[in-house]
Amino acid sequence: MTLPKVSCIMPCGYGDKYVWTAAECWFDQTYEGPLELVIVDNNEDDTLSFMRETPLPSCVVYVRSPKMPVGALRNLGTSHATGEVCINWDEDDWSHPDRVKEQVKRLLESGKAVTGWHSILFYDMCTVRAYKYSYEPSGRNHPPYAMGTSQCYLKSWWEKHKFPENQTVEDLGFQQEALYAGQLDSCDAGQLCVVRAHHDSKCHPQFVGKQFVAVSGDYLPREFYDACVGKKQ
């Protein structure tokens, strides 16, 4: 079986604060098919140091952008993607080396146009606490909800169903179109990703609600601490 080419879309707006970890996680991926990283630089100034200091490999596409909403940035990045499958790759998240491999496998096996995670791990850098988020409305054990940071989708689907650019929560409209069309799949992320909540982000688990449950620190992957809480932080 020939594996599809995958484009990971990474909008960047926090300068060098978090992006190094996300980029290193991407380069560490075990996916055996062709892989591409599309960086959408949305910083006020040219603050991504590795763009200035390091020649980019051919598998990395760099796109400079003026300040735009997240939905517009995701659309801009996806428009430059050459892969059949696209994955949202947020600059402040940590991803397991098997993330792309497992998400593409899930997408292909599901037969859907969009997949993602309705339960995912969080690490709140403000309080130094770990959480697990579970989107589980009453009466639905496995809700078909795919968080924006986790969305893995066919580019052919995106071409007809782009991210809303005038909504605060751009991922909701995108996943709802797939849901209503019977084209959305979701699952628990397990330890494939850890979302970092920080002073710059809008999501602080301790304030968001009961869908966030505190968990012990050893619930998070050891590799996450090595990359994000240790010397690389």
# chains A, B, ... in the order shown; residues from 1 in each chain; ligands from 1

call {"tool": "closest_atom_pairs", "arguments": {"of": "segment 86-180 of chain A", "to": "segment 10-14 of chain A", "cutoff": "9 Å", "atoms": "only C-alpha atoms", "output": "JSON lines"}}
result
{"residue": "A:Ile87", "atom": "CA", "partner": "A:Met10", "partner_atom": "CA", "distance": 8.9}
{"residue": "A:Asn88", "atom": "CA", "partner": "A:Met10", "partner_atom": "CA", "distance": 6.5}
{"residue": "A:Trp89", "atom": "CA", "partner": "A:Met10", "partner_atom": "CA", "distance": 4.8}
{"residue": "A:Asp90", "atom": "CA", "partner": "A:Met10", "partner_atom": "CA", "distance": 5.4}
{"residue": "A:Glu91", "atom": "CA", "partner": "A:Cys12", "partner_atom": "CA", "distance": 6.0}
{"residue": "A:Asp92", "atom": "CA", "partner": "A:Tyr14", "partner_atom": "CA", "distance": 8.6}

call {"tool": "residues_around", "arguments": {"residues": "segment 158-167 of chain A", "least_positions_apart": "5", "cutoff": "10 Å", "atoms": "only C-alpha atoms", "output": "list in words"}}
result
Met68, Pro69, Val70, Gly71, Ala72, Leu73, Arg74, Asn75, Leu76, Thr78, Ser79, Val85, Cys86, Ala113, Val114, Tyr153, Leu172, Gly173, Phe174, Gln175, Glu177 and Ala178 of chain A

call {"tool": "closest_residue", "arguments": {"among": "A:Leu154, A:Leu184, A:Val169, A:Ala130", "to": "Trp117 of chain A", "atoms": "only C-alpha atoms"}}
result
A:Leu184

call {"tool": "select_by_dssp", "arguments": {"residues": "segment 53-169 of chain A", "states": "helix (DSSP H, G or I)", "output": "number ranges by chain"}}
result
A: 53, 70-79, 99-110, 148-150, 155-158

call {"tool": "select_by_dssp", "arguments": {"residues": "segment 10-231 of chain A", "states": "strand (DSSP E or B)", "output": "PyMOL selection string"}}
result
chain A and resi 10-12+35-41+60-64+85-88+93-95+114-124+129-134+152-154+184-188+193-197+212-215

call {"tool": "closest_atom_pairs", "arguments": {"of": "segment 50-118 of chain A", "to": "segment 214-221 of chain A", "cutoff": "12 Å", "atoms": "only C-alpha atoms", "output": "tab-separated table"}}
result
residue	atom	partner	partner_atom	distance
A:Trp94	CA	A:Pro221	CA	10.0
A:Ser95	CA	A:Pro221	CA	10.0
A:His96	CA	A:Pro221	CA	8.5
A:Pro97	CA	A:Pro221	CA	11.5

call {"tool": "write_last_selection", "arguments": {"atoms": "N, CA and C atoms", "output": "CSV table (one decimal), in the first residue's frame"}}
result
chain,number,residue,atom,x,y,z
A,94,TRP,N,3.1,19.5,22.1
A,94,TRP,CA,4.1,18.4,22.0
A,94,TRP,C,3.4,17.3,21.3
A,95,SER,N,4.1,16.6,20.4
A,95,SER,CA,3.6,15.5,19.7
A,95,SER,C,4.5,14.3,19.8
A,96,HIS,N,3.9,13.1,20.0
A,96,HIS,CA,4.6,11.8,20.0
A,96,HIS,C,5.2,11.5,18.6
A,97,PRO,N,6.3,10.8,18.5
A,97,PRO,CA,6.9,10.5,17.2
A,97,PRO,C,5.9,9.7,16.3

call {"tool": "atom_distance", "arguments": {"atom1": "atom CA of Val6 of chain A", "atom2": "atom CA of Leu37 of chain A"}}
result
8.5 Å

call {"tool": "residues_around", "arguments": {"residues": "Asp185 of chain A", "least_positions_apart": "5", "cutoff": "12 Å", "atoms": "only C-alpha atoms", "output": "list in words"}}
result
Gln103, Arg106, Leu107, Leu108, Glu109, Ser110, Gly111, Lys112, Ala113, Val114, Thr115, Gly116, Trp117, His118, His142, Pro143, Pro144, Tyr145, Ala146, Met147, Ser150, Gln151, Cys152, Tyr153, Gln175, Gln176, Ala178, Leu179 and Tyr180 of chain A

call {"tool": "closest_residue", "arguments": {"among": "A:Leu121, A:Cys8, A:Cys187, A:Val38", "to": "Ser58 of chain A", "atoms": "only C-alpha atoms"}}
result
A:Val38

call {"tool": "atom_distance", "arguments": {"atom1": "atom CA of Gly190 of chain A", "atom2": "atom CA of Asp98 of chain A"}}
result
11.5 Å

call {"tool": "residues_around", "arguments": {"residues": "Thr30 of chain A", "least_positions_apart": "2", "cutoff": "12 Å", "atoms": "only C-alpha atoms", "output": "list in words"}}
result
Cys25, Trp26, Phe27, Asp28, Glu32, Gly33, Pro34, Leu35, Ser95, His96, Pro97, Asp98, Arg99, Val100, Lys101, Glu102, Gln103 and Val104 of chain A

call {"tool": "write_last_selection", "arguments": {"atoms": "C-alpha atoms", "output": "mmCIF file, in the first residue's frame"}}
result
data_model
loop_
_atom_site.group_PDB
_atom_site.id
_atom_site.type_symbol
_atom_site.label_atom_id
_atom_site.label_comp_id
_atom_site.auth_asym_id
_atom_site.auth_seq_id
_atom_site.Cartn_x
_atom_site.Cartn_y
_atom_site.Cartn_z
ATOM 1 C CA CYS A 25 8.555 16.759 17.207
ATOM 2 C CA TRP A 26 7.757 16.990 13.506
ATOM 3 C CA PHE A 27 11.288 16.031 12.445
ATOM 4 C CA ASP A 28 11.120 13.048 14.843
ATOM 5 C CA GLU A 32 7.147 6.232 6.478
ATOM 6 C CA GLY A 33 5.317 8.089 3.724
ATOM 7 C CA PRO A 34 6.276 11.499 2.297
ATOM 8 C CA LEU A 35 5.951 14.261 4.877
ATOM 9 C CA SER A 95 3.551 15.466 19.655
ATOM 10 C CA HIS A 96 4.622 11.847 20.035
ATOM 11 C CA PRO A 97 6.857 10.491 17.224
ATOM 12 C CA ASP A 98 3.999 8.173 16.145
ATOM 13 C CA ARG A 99 1.393 10.921 15.932
ATOM 14 C CA VAL A 100 1.311 11.318 12.136
ATOM 15 C CA LYS A 101 1.501 7.571 11.558
ATOM 16 C CA GLU A 102 -1.388 6.858 13.908
ATOM 17 C CA GLN A 103 -3.579 9.715 12.699
ATOM 18 C CA VAL A 104 -3.184 8.806 9.037
#

call {"tool": "residues_around", "arguments": {"residues": "Glu44 of chain A", "least_positions_apart": "4", "cutoff": "9 Å", "atoms": "only C-alpha atoms", "output": "number ranges by chain"}}
result
A: 13, 15, 66-67

call {"tool": "write_last_selection", "arguments": {"atoms": "C-alpha atoms", "output": "PDB file, in the first residue's frame"}}
result
ATOM      1  CA  GLY A  13       2.630  33.760  16.180  1.00  0.00           C
ATOM      2  CA  GLY A  15       8.056  34.018  18.065  1.00  0.00           C
ATOM      3  CA  PRO A  66       0.282  39.423   7.956  1.00  0.00           C
ATOM      4  CA  LYS A  67      -1.750  39.206  11.155  1.00  0.00           C
TER       5      LYS A  67
END

call {"tool": "closest_residue", "arguments": {"among": "A:Ser134, A:Thr82, A:Gln29, A:Thr21", "to": "Ile9 of chain A", "atoms": "only C-alpha atoms"}}
result
A:Thr82

call {"tool": "atom_distance", "arguments": {"atom1": "atom CA of Asp45 of chain A", "atom2": "atom CA of Tyr18 of chain A"}}
result
16.1 Å

call {"tool": "closest_residue", "arguments": {"among": "A:Asp226, A:Asp171, A:Asp41, A:Asp188", "to": "Ser119 of chain A", "atoms": "only C-alpha atoms"}}
result
A:Asp188
